[in-house]
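Student: Quick one, run.tsv (TSV, C-alpha atoms):
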```
chain	number	residue	atom	x	y	z
F	289	MET	CA	-1.45	14.33	10.06
F	290	ASP	CA	1.09	11.55	9.53
F	291	MET	CA	1.67	8.92	12.20
F	292	ASN	CA	5.39	8.35	12.80
F	293	ALA	CA	6.72	4.82	12.12
F	294	PHE	CA	3.12	3.77	12.70
F	295	PHE	CA	3.30	-0.04	12.73
F	296	ALA	CA	6.48	-0.06	14.83
F	297	SER	CA	5.11	2.59	17.20
F	298	VAL	CA	1.93	0.55	17.73
F	299	GLU	CA	3.98	-2.55	18.55
F	300	GLN	CA	6.20	-0.60	20.95
F	301	GLN	CA	3.17	0.84	22.69
F	302	ALA	CA	1.56	-2.60	22.99
F	303	ASN	CA	4.77	-4.22	24.29
F	304	PRO	CA	6.80	-2.07	26.74
F	305	ALA	CA	9.79	-4.40	26.25
F	306	LEU	CA	10.16	-3.01	22.70
F	307	ARG	CA	10.21	0.66	23.68
F	308	GLY	CA	13.44	2.46	22.93
F	309	LYS	CA	14.75	-0.50	20.93
F	310	PRO	CA	15.26	-1.02	17.17
F	311	VAL	CA	12.19	-2.83	15.83
F	312	ALA	CA	11.44	-4.05	12.29
F	313	ILE	CA	7.92	-4.98	11.23
F	314	CYS	CA	8.08	-7.99	8.91
F	315	GLY	CA	6.13	-10.96	7.65
F	316	ARG	CA	7.09	-14.59	8.05
F	317	GLY	CA	10.27	-16.09	6.63
F	318	ARG	CA	12.75	-14.12	4.52
F	319	THR	CA	10.98	-10.90	3.85
F	320	VAL	CA	11.40	-7.17	3.52
F	321	VAL	CA	11.14	-4.64	6.31
F	322	ALA	CA	7.66	-3.11	6.00
F	323	THR	CA	8.60	-0.33	8.39
F	324	CYS	CA	10.91	0.14	11.35
F	325	SER	CA	11.23	2.19	14.51
F	326	TYR	CA	13.27	5.38	14.64
F	327	GLU	CA	15.86	3.57	16.75
F	328	ALA	CA	16.43	1.23	13.79
F	329	ARG	CA	16.42	4.05	11.25
F	330	LYS	CA	19.24	5.81	13.11
F	331	GLN	CA	21.38	2.75	12.41
F	332	GLY	CA	20.66	2.71	8.68
F	333	VAL	CA	17.68	0.34	8.49
F	334	ARG	CA	15.19	1.37	5.81
F	335	THR	CA	11.80	0.26	4.53
F	336	GLY	CA	12.22	-2.26	1.72
F	337	MET	CA	15.42	-3.81	3.04
F	338	SER	CA	15.58	-7.55	3.47
F	339	LEU	CA	15.75	-8.64	7.09
F	340	TYR	CA	19.22	-10.06	6.40
F	341	GLU	CA	20.45	-6.66	5.19
F	342	ALA	CA	18.75	-4.89	8.12
F	343	ARG	CA	20.67	-7.12	10.55
F	344	ARG	CA	23.94	-6.15	8.88
F	345	HIS	CA	23.18	-2.50	9.68
F	346	CYS	CA	21.71	-3.22	13.09
F	347	PRO	CA	22.62	-6.63	14.60
F	348	GLN	CA	20.37	-6.05	17.62
F	349	ILE	CA	17.24	-5.35	15.58
F	350	ILE	CA	14.08	-7.08	16.81
F	351	PRO	CA	11.84	-8.46	14.04
F	352	VAL	CA	8.13	-8.35	14.86
F	353	ARG	CA	5.51	-9.99	12.68
F	354	GLY	CA	2.97	-7.41	11.55
F	355	ASN	CA	-0.61	-7.51	12.79
F	356	HIS	CA	-2.86	-5.68	10.33
F	357	ILE	CA	-5.97	-6.05	12.50
F	358	LYS	CA	-4.20	-4.26	15.36
F	359	TYR	CA	-3.09	-1.42	13.06
F	360	VAL	CA	-6.54	-0.94	11.52
F	361	ASP	CA	-8.13	-0.84	14.98
F	362	THR	CA	-5.63	1.78	16.13
F	363	ALA	CA	-6.15	3.82	12.95
F	364	ARG	CA	-9.88	3.94	13.63
F	365	LYS	CA	-9.26	5.21	17.16
F	366	ILE	CA	-7.04	7.96	15.72
F	367	GLN	CA	-9.71	8.88	13.18
F	368	SER	CA	-12.34	9.02	15.95
F	369	ILE	CA	-10.24	11.56	17.84
F	370	CYS	CA	-9.83	13.64	14.66
F	371	LEU	CA	-13.58	13.64	14.11
F	372	GLU	CA	-14.04	15.41	17.44
F	373	TYR	CA	-12.43	18.46	15.82
F	374	THR	CA	-14.04	18.45	12.37
F	375	PRO	CA	-16.29	16.21	10.24
F	376	LEU	CA	-13.98	16.93	7.29
F	377	VAL	CA	-11.52	14.09	7.88
F	378	GLU	CA	-10.22	12.35	4.76
F	379	VAL	CA	-8.33	9.08	5.20
F	380	PHE	CA	-5.28	9.18	2.93
F	381	SER	CA	-3.75	5.90	4.13
F	382	ILE	CA	-3.84	3.74	7.23
F	383	ASP	CA	-1.49	6.16	9.01
F	384	GLU	CA	-2.32	9.50	7.35
F	385	VAL	CA	-5.38	11.77	7.33
F	386	PHE	CA	-6.21	15.21	6.00
F	387	LEU	CA	-8.33	17.51	8.18
F	388	ASP	CA	-10.00	20.72	7.07
F	389	ILE	CA	-9.83	22.92	10.18
F	390	THR	CA	-10.83	26.18	8.48
F	391	ALA	CA	-14.10	26.42	10.39
F	392	PRO	CA	-12.99	25.35	13.88
F	393	ALA	CA	-9.67	27.22	13.72
F	394	GLY	CA	-10.37	30.33	11.67
F	395	THR	CA	-6.81	31.69	11.62
F	396	PRO	CA	-3.40	30.04	11.06
F	397	LYS	CA	-2.46	30.83	14.66
F	398	ASP	CA	-5.59	29.10	15.94
F	399	GLY	CA	-4.90	26.22	13.56
F	400	LEU	CA	-1.45	25.77	15.06
F	401	ARG	CA	-2.94	25.68	18.56
F	402	LEU	CA	-5.64	23.20	17.55
F	403	ALA	CA	-3.13	20.93	15.78
F	404	GLY	CA	-0.88	20.97	18.84
F	405	GLU	CA	-3.80	19.96	21.02
F	406	LEU	CA	-4.67	17.10	18.65
F	407	GLN	CA	-1.05	15.93	18.62
F	408	LEU	CA	-0.89	15.88	22.42
F	409	ARG	CA	-4.19	14.00	22.72
F	410	ILE	CA	-3.01	11.21	20.41
F	411	LYS	CA	0.23	10.98	22.37
F	412	LYS	CA	-1.57	10.92	25.73
F	413	GLU	CA	-4.50	8.65	24.86
F	414	LEU	CA	-2.78	6.21	22.47
F	415	GLY	CA	0.89	6.70	23.26
F	416	LEU	CA	1.73	7.33	19.60
F	417	PRO	CA	3.83	10.07	17.95
F	418	CYS	CA	2.62	11.95	14.88
F	419	SER	CA	3.72	14.83	12.69
F	420	ILE	CA	1.27	17.50	11.57
F	421	GLY	CA	1.59	19.95	8.71
F	422	ILE	CA	-0.70	22.98	8.30
F	423	ALA	CA	-1.07	24.81	4.99
F	424	PRO	CA	-3.70	26.31	2.63
F	425	SER	CA	-3.77	23.19	0.39
F	426	LYS	CA	-3.58	19.44	0.89
F	427	ILE	CA	-0.32	18.89	-0.99
F	428	LEU	CA	1.39	21.70	0.94
F	429	ALA	CA	0.06	20.36	4.25
F	430	LYS	CA	1.48	16.95	3.32
F	431	LEU	CA	4.82	18.59	2.48
F	432	ALA	CA	4.80	20.40	5.84
F	433	SER	CA	4.07	17.19	7.75
F	434	ASP	CA	7.18	15.59	6.20
F	435	ARG	CA	9.48	18.43	7.30
F	436	GLU	CA	9.96	17.39	10.91
F	437	LYS	CA	9.75	13.81	12.17
F	438	PRO	CA	8.99	12.49	14.68
F	439	ASP	CA	6.57	14.73	16.59
F	440	GLY	CA	6.81	17.60	14.11
F	441	LEU	CA	4.38	20.50	13.95
F	442	VAL	CA	4.96	22.77	10.93
F	443	LEU	CA	2.91	25.67	9.60
F	444	PHE	CA	3.24	27.01	6.05
F	445	ALA	CA	1.49	30.37	6.26
F	446	GLU	CA	0.33	32.04	3.05
F	447	GLU	CA	3.20	34.53	3.12
F	448	ASP	CA	5.77	31.71	3.51
F	449	ILE	CA	4.73	29.55	0.57
F	450	GLU	CA	6.76	31.32	-2.13
F	451	SER	CA	10.02	30.89	-0.21
F	452	VAL	CA	9.13	27.27	0.66
F	453	LEU	CA	8.63	26.41	-3.01
F	454	GLU	CA	11.89	28.11	-3.99
F	455	CYS	CA	14.00	25.89	-1.74
F	456	THR	CA	12.12	22.59	-2.00
F	457	PRO	CA	13.41	19.89	-4.40
F	458	VAL	CA	10.71	18.53	-6.71
F	459	GLU	CA	11.11	14.99	-5.32
F	460	ASP	CA	10.00	16.16	-1.87
F	461	MET	CA	6.46	16.70	-3.12
F	462	CYS	CA	4.04	13.81	-2.74
F	463	GLY	CA	3.33	12.21	-6.12
F	464	ILE	CA	6.69	12.96	-7.77
F	465	GLY	CA	8.63	9.70	-7.93
F	466	GLU	CA	12.15	8.84	-9.01
F	467	ASN	CA	11.44	8.62	-12.75
F	468	THR	CA	9.52	11.91	-12.85
F	469	LYS	CA	12.23	13.59	-10.78
F	470	ASN	CA	14.93	12.42	-13.19
F	471	CYS	CA	12.96	13.66	-16.20
F	472	LEU	CA	12.36	17.05	-14.58
F	473	ASN	CA	16.02	17.35	-13.58
F	474	ALA	CA	17.02	16.58	-17.17
F	475	LEU	CA	14.92	19.59	-18.20
F	476	GLY	CA	16.75	21.74	-15.67
F	477	ILE	CA	13.83	21.73	-13.23
F	478	ARG	CA	15.05	21.00	-9.70
F	479	THR	CA	12.83	22.97	-7.33
F	480	LEU	CA	9.07	23.28	-7.02
F	481	ALA	CA	9.26	26.98	-7.81
F	482	GLN	CA	11.09	26.21	-11.07
F	483	LEU	CA	8.42	23.65	-11.89
F	484	GLY	CA	5.69	26.20	-11.23
F	485	ARG	CA	7.33	28.71	-13.57
F	486	THR	CA	7.85	26.20	-16.42
F	487	ASP	CA	5.67	26.67	-19.50
F	488	VAL	CA	2.86	24.15	-19.31
F	489	SER	CA	3.21	23.28	-23.01
F	490	LEU	CA	6.75	22.00	-22.32
F	491	LEU	CA	5.50	19.86	-19.45
F	492	VAL	CA	2.63	18.47	-21.52
F	493	ARG	CA	5.02	17.66	-24.37
F	494	HIS	CA	7.17	15.55	-22.04
F	495	PHE	CA	4.57	14.19	-19.59
F	496	GLY	CA	1.25	14.27	-21.43
F	497	PHE	CA	-1.80	15.20	-19.35
F	498	LEU	CA	0.31	14.83	-16.22
F	499	GLY	CA	2.08	18.02	-17.27
F	500	ASN	CA	-0.96	20.10	-16.26
F	501	ILE	CA	-0.96	18.51	-12.81
F	502	LEU	CA	2.79	19.02	-12.41
F	503	LYS	CA	2.41	22.71	-13.23
F	504	LYS	CA	-0.15	23.13	-10.41
F	505	THR	CA	1.96	21.00	-8.08
F	506	GLY	CA	4.93	23.32	-8.60
F	507	ARG	CA	2.75	26.23	-7.50
F	508	GLY	CA	1.46	24.38	-4.42
F	509	MET	CA	-2.05	24.28	-5.84
F	510	ASP	CA	-4.48	21.50	-4.96
F	511	MET	CA	-8.10	22.30	-5.77
F	512	ASN	CA	-9.43	19.05	-4.29
F	513	PRO	CA	-11.23	19.75	-1.01
F	514	VAL	CA	-10.89	17.53	2.06
F	515	SER	CA	-13.69	14.97	1.86
F	516	ALA	CA	-16.03	14.35	4.76
F	517	TYR	CA	-15.34	11.14	6.68
F	518	SER	CA	-18.91	10.02	6.02
F	519	ASP	CA	-18.31	10.32	2.25
F	520	ALA	CA	-15.60	7.65	2.14
F	521	GLY	CA	-15.81	5.99	-1.25
F	522	GLU	CA	-15.96	2.35	-2.18
F	523	ILE	CA	-12.93	0.11	-2.65
F	524	LYS	CA	-11.01	1.22	-5.74
F	525	SER	CA	-8.72	-1.80	-6.15
F	526	VAL	CA	-7.83	-5.17	-4.63
F	527	GLY	CA	-4.29	-6.50	-4.73
F	528	HIS	CA	-1.74	-8.86	-3.19
F	529	SER	CA	2.04	-9.21	-3.44
F	530	ASN	CA	4.53	-11.80	-2.21
F	531	THR	CA	8.25	-11.65	-1.47
F	532	PHE	CA	9.95	-14.96	-2.31
F	533	PRO	CA	12.02	-16.88	0.27
F	534	ARG	CA	14.96	-16.43	-2.13
F	535	ASP	CA	15.48	-14.67	-5.45
F	536	THR	CA	14.72	-16.76	-8.54
F	537	ARG	CA	14.68	-16.69	-12.33
F	538	ALA	CA	12.53	-19.84	-12.55
F	539	ALA	CA	9.41	-18.97	-14.54
F	540	ASP	CA	7.41	-21.89	-13.14
F	541	VAL	CA	8.03	-20.68	-9.58
F	542	VAL	CA	7.03	-17.10	-10.40
F	543	ARG	CA	3.91	-18.33	-12.23
F	544	ALA	CA	2.90	-20.51	-9.28
F	545	PHE	CA	3.22	-17.61	-6.85
F	546	LEU	CA	1.33	-15.41	-9.29
F	547	LEU	CA	-1.52	-17.91	-9.43
F	548	MET	CA	-1.65	-17.99	-5.63
F	549	LEU	CA	-1.88	-14.20	-5.52
F	550	CYS	CA	-4.60	-14.16	-8.20
F	551	GLU	CA	-6.60	-16.68	-6.17
F	552	ARG	CA	-6.31	-14.47	-3.09
F	553	VAL	CA	-7.39	-11.39	-5.04
F	554	GLY	CA	-10.36	-13.32	-6.42
F	555	VAL	CA	-11.41	-14.40	-2.93
F	556	ARG	CA	-11.35	-10.81	-1.71
F	557	LEU	CA	-13.25	-9.52	-4.74
F	558	ARG	CA	-16.03	-12.04	-4.13
F	559	LYS	CA	-16.01	-11.27	-0.40
F	560	TYR	CA	-16.50	-7.56	-1.16
F	561	GLY	CA	-19.11	-8.31	-3.82
F	562	MET	CA	-17.01	-6.61	-6.51
F	563	ILE	CA	-15.93	-7.33	-10.07
F	564	GLY	CA	-13.11	-5.64	-12.01
F	565	ARG	CA	-11.75	-5.31	-15.51
F	566	THR	CA	-8.22	-3.90	-15.18
F	567	VAL	CA	-5.41	-6.24	-14.10
F	568	SER	CA	-2.01	-4.86	-13.06
F	569	PHE	CA	1.15	-6.93	-12.67
F	570	TYR	CA	4.17	-5.76	-10.67
F	571	ILE	CA	7.62	-7.32	-10.50
F	572	ARG	CA	10.55	-6.42	-8.25
F	573	TYR	CA	14.05	-7.66	-8.97
F	574	CYS	CA	16.92	-8.66	-6.70
F	575	ASP	CA	18.35	-5.11	-6.79
F	576	PHE	CA	14.96	-3.69	-5.66
F	577	SER	CA	14.27	-2.11	-9.04
F	578	GLY	CA	10.77	-2.82	-10.32
F	579	GLU	CA	8.40	-2.59	-13.26
F	580	SER	CA	4.64	-2.72	-13.63
F	581	ARG	CA	2.14	-2.96	-16.48
F	582	GLN	CA	-1.60	-3.29	-16.70
F	583	LYS	CA	-4.25	-4.56	-19.09
F	584	SER	CA	-7.91	-3.60	-19.35
F	585	LEU	CA	-10.25	-6.44	-20.28
F	586	PRO	CA	-13.43	-6.37	-22.37
F	587	GLU	CA	-15.35	-8.16	-19.58
F	588	TYR	CA	-15.50	-7.88	-15.81
F	589	ILE	CA	-13.93	-10.74	-13.85
F	590	LYS	CA	-13.79	-12.02	-10.26
F	591	THR	CA	-12.18	-15.48	-10.27
F	592	GLY	CA	-8.56	-16.48	-9.76
F	593	PRO	CA	-8.17	-18.25	-13.13
F	594	ASP	CA	-9.54	-15.25	-15.03
F	595	ILE	CA	-7.28	-12.84	-13.14
F	596	TYR	CA	-4.33	-15.16	-13.68
F	597	ALA	CA	-4.99	-15.46	-17.42
F	598	ALA	CA	-4.60	-11.69	-17.78
F	599	ALA	CA	-1.71	-11.35	-15.30
F	600	ALA	CA	0.23	-14.21	-16.92
F	601	ARG	CA	-0.02	-12.54	-20.32
F	602	ILE	CA	1.46	-9.38	-18.81
F	603	MET	CA	4.17	-11.42	-17.12
F	604	ASP	CA	5.08	-12.95	-20.49
F	605	SER	CA	6.04	-9.47	-21.68
F	606	PHE	CA	8.82	-9.42	-19.03
F	607	MET	CA	10.23	-12.77	-20.12
F	608	PRO	CA	12.98	-13.80	-20.01
F	609	PHE	CA	13.64	-12.09	-16.68
F	610	LYS	CA	16.57	-9.70	-16.99
F	611	LYS	CA	17.44	-10.21	-13.31
F	612	ALA	CA	16.50	-12.60	-10.53
F	613	VAL	CA	13.03	-11.87	-9.14
F	614	ARG	CA	12.33	-11.27	-5.45
F	615	LEU	CA	8.67	-10.14	-5.47
F	616	VAL	CA	5.58	-10.21	-7.68
F	617	GLY	CA	2.22	-8.56	-7.17
F	618	VAL	CA	-1.15	-8.39	-8.88
F	619	THR	CA	-3.99	-5.88	-8.52
F	620	VAL	CA	-7.48	-5.70	-9.99
F	621	SER	CA	-8.99	-2.22	-10.41
F	622	GLY	CA	-11.78	-0.62	-12.39
F	623	LEU	CA	-14.20	-2.15	-9.89
F	624	GLU	CA	-17.98	-2.26	-9.88
F	625	LYS	CA	-20.56	-3.91	-7.67
F	626	ASP	CA	-21.24	-7.51	-8.69
F	627	LYS	CA	-24.96	-7.76	-9.43
F	628	GLY	CA	-24.66	-11.49	-10.01
F	629	GLN	CA	-26.25	-11.43	-13.46
F	630	LEU	CA	-23.28	-11.19	-15.81
F	631	HIS	CA	-22.87	-14.86	-16.66
F	632	LEU	CA	-25.89	-17.09	-16.27
F	633	PHE	CA	-24.77	-19.89	-18.57
F	634	GLY	CA	-21.65	-21.46	-20.10
F	635	ASP	CA	-18.09	-21.95	-18.92
F	636	ARG	CA	-17.79	-18.56	-17.19
F	637	ALA	CA	-20.85	-19.27	-15.04
F	638	ARG	CA	-19.49	-22.72	-14.15
F	639	LYS	CA	-16.13	-21.23	-13.08
F	640	GLU	CA	-17.82	-18.60	-10.94
F	641	ARG	CA	-20.03	-21.17	-9.20
F	642	PHE	CA	-16.96	-23.35	-8.62
F	643	ALA	CA	-15.03	-20.40	-7.14
F	644	GLU	CA	-17.89	-19.56	-4.80
F	645	ALA	CA	-18.08	-23.20	-3.69
F	646	MET	CA	-14.34	-23.13	-2.92
F	647	ASP	CA	-14.85	-19.94	-0.91
F	648	ARG	CA	-17.40	-21.68	1.27
F	649	ILE	CA	-15.15	-24.69	1.90
F	650	ASN	CA	-11.97	-22.71	2.44
F	651	SER	CA	-13.61	-20.17	4.75
F	652	ARG	CA	-14.77	-23.04	6.93
F	653	HIS	CA	-11.65	-25.21	6.90
F	654	GLY	CA	-8.75	-22.84	6.18
F	655	GLU	CA	-7.28	-20.85	3.31
F	656	PHE	CA	-6.35	-22.99	0.29
F	657	MET	CA	-7.73	-26.23	1.70
F	658	ILE	CA	-8.84	-26.64	-1.91
F	659	ARG	CA	-6.31	-25.05	-4.23
F	660	PRO	CA	-4.73	-25.31	-7.68
F	661	LEU	CA	-2.32	-28.15	-8.39
F	662	ALA	CA	0.35	-25.58	-9.27
F	663	PHE	CA	0.58	-24.67	-5.58
F	664	GLU	CA	2.78	-27.75	-5.17
F	665	VAL	CA	5.51	-25.64	-6.81
F	666	VAL	CA	5.00	-22.94	-4.18
F	667	GLU	CA	5.08	-25.48	-1.35
F	668	LYS	CA	8.29	-27.02	-2.67
F	669	PHE	CA	9.96	-23.63	-3.13
F	670	THR	CA	8.95	-22.37	0.34
F	671	GLY	CA	9.35	-25.65	2.18
F	672	GLY	CA	5.61	-25.88	2.81
F	673	ALA	CA	5.11	-22.31	3.99
F	674	ILE	CA	1.54	-21.98	2.71
F	675	ASP	CA	-0.77	-21.87	5.71
F	676	VAL	CA	-2.79	-25.07	5.23
F	677	PRO	CA	-4.24	-26.97	8.22
F	678	ALA	CA	-2.71	-30.41	8.73
F	679	ARG	CA	-6.06	-32.03	9.61
F	680	VAL	CA	-9.66	-31.16	8.85
F	681	HIS	CA	-12.66	-32.80	10.47
F	682	GLY	CA	-15.94	-33.43	8.72
F	683	PHE	CA	-14.78	-34.90	5.39
F	684	PRO	CA	-15.75	-38.42	4.31
F	685	ALA	CA	-13.49	-41.29	5.34
F	686	GLY	CA	-10.55	-41.72	3.01
F	687	PHE	CA	-10.58	-38.05	1.89
F	688	ASN	CA	-7.03	-36.68	1.75
F	689	ALA	CA	-7.62	-33.56	3.82
F	690	SER	CA	-3.97	-32.54	3.99
F	691	ALA	CA	-3.51	-31.98	0.24
F	692	PRO	CA	-6.71	-31.90	-1.83
F	693	ARG	CA	-6.31	-30.37	-5.30
F	694	TYR	CA	-8.61	-29.04	-7.98
```
Can you turn what I pasted into structure tokens?
Tutor:
Amino acid sequence: MDMNAFFASVEQQANPALRGKPVAICGRGRTVVATCSYEARKQGVRTGMSLYEARRHCPQIIPVRGNHIKYVDTARKIQSICLEYTPLVEVFSIDEVFLDITAPAGTPKDGLRLAGELQLRIKKELGLPCSIGIAPSKILAKLASDREKPDGLVLFAEEDIESVLECTPVEDMCGIGENTKNCLNALGIRTLAQLGRTDVSLLVRHFGFLGNILKKTGRGMDMNPVSAYSDAGEIKSVGHSNTFPRDTRAADVVRAFLLMLCERVGVRLRKYGMIGRTVSFYIRYCDFSGESRQKSLPEYIKTGPDIYAAAARIMDSFMPFKKAVRLVGVTVSGLEKDKGQLHLFGDRARKERFAEAMDRINSRHGEFMIRPLAFEVVEKFTGGAIDVPARVHGFPAGFNASAPRY
């Protein structure tokens, strides 16, 4: 089940004045369109566009600042409704879930009836549209859910799968991106059925271990069962990204934003009680092309400076920038629970105690009340757009509460 234009639909449901109108969900300042309503999509607005470009396609578009808390709360209500039908509900993303309805439905015909009932309930109780795909495997169900939007309800019965695979381009399958599609097309593989018939040794030669997965994908095979909702795993990664107010080639600006993102990732890692050892850096250029690389570290980390040290080394490999940069992002993965006994002495222990002390102060008085000196570059570039309180009570007389640095 895939919610249709989820963030925009939630905002339209919450505010009747937005219903039937083109809406773009954005952040503050010059930013990209995170998602948009179907009214906006009909006029050429797409996810990833800048708001400026979206207005060229649709001058009457209404930008709405996203509210993640509202979307998470709505997602949980949707999941609660799904759980009334089966305990086998696997959250795929904030607006998508897999349900195993084999037991409650029994037959494809009963599954279609049950899915229709679920779709109507979500529409009636929450006022939100969704598309549902029904198939023998997760990847085929996902493919079916993408066939008709909004409010689609598509069944791929066992006897239909062969013909579906024959006419479906490889890029329509979840997990096959632009680069993989281009490589497959270069090999003469354009449909899923062709992919399924390709010798696995050829795929492995060109794609490594991924070749085995691609072979199964081309045959519509997905041996992973739908997980029970109660078996939801721990956090796998923590990341942040930032779109700049304007494109830039200035390395000091990109580094300053990167440090800010690393600090935010560190705060979240410590909040979750996690440590990680793989740092990924992502860069998006002015033409919306992007690149990413990652580095695994010998030790687990959880502080902004440690994350930044690894991310900055990765960033150096992209220097000098071949195009102006519009966005950077950083993610820490390879997570484990922080047992608090990794570094008892030395510089690493001092940095971790300092970071935890900053967490306590900043959580009380506002994000980045205490922050790196390099943030001055960010403030200058954004015109002071970092959310820092102008006044803070409780500090000693003479303390410069508006701009303390560490």
Student: With distances taken over all atoms listed in the file, which of F:Val613, F:Val514, F:Leu453, F:Val298 is nearest to Phe386 in chain F?
Tutor: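 With all atoms listed in the file as the atom set, the closest residue is F:Val514.
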Student: Compare F:Ala393, F:Ile571, F:Leu547, F:Cys314 by their minimum atom-to-atom distance to Met603 in chain F, counting only C-alpha atoms, and give me the closest one.
Tutor: F:Ile571
Student: To one decimal place in Å, what is the distance between CA of Asp439 in chain F and CA of Ile366 in chain F?
Tutor: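 Rounded to one decimal, the two atoms are 15.2 Å apart.
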Student: Nearest to Ile389 in chain F: which of F:Gly622, F:Pro375, F:Gly617, F:Pro533 is it, counting all atoms listed in the file?
Tutor: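 Among the listed residues, the smallest separation from Ile389 in chain F belongs to F:Pro375.
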Student: Could you check how far CA of Leu400 in chain F sits from CA of Lys503 in chain F, in Å to one decimal?
Tutor: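 Separation between CA of Leu400 in chain F and CA of Lys503 in chain F: 28.7 Å.
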Student: For the atom pair CA of Asp510 in chain F and CA of Ala423 in chain F, what is the interatomic distance in Å to one decimal place?
Tutor: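 Separation of CA of Asp510 in chain F and CA of Ala423 in chain F: 11.0 Å.
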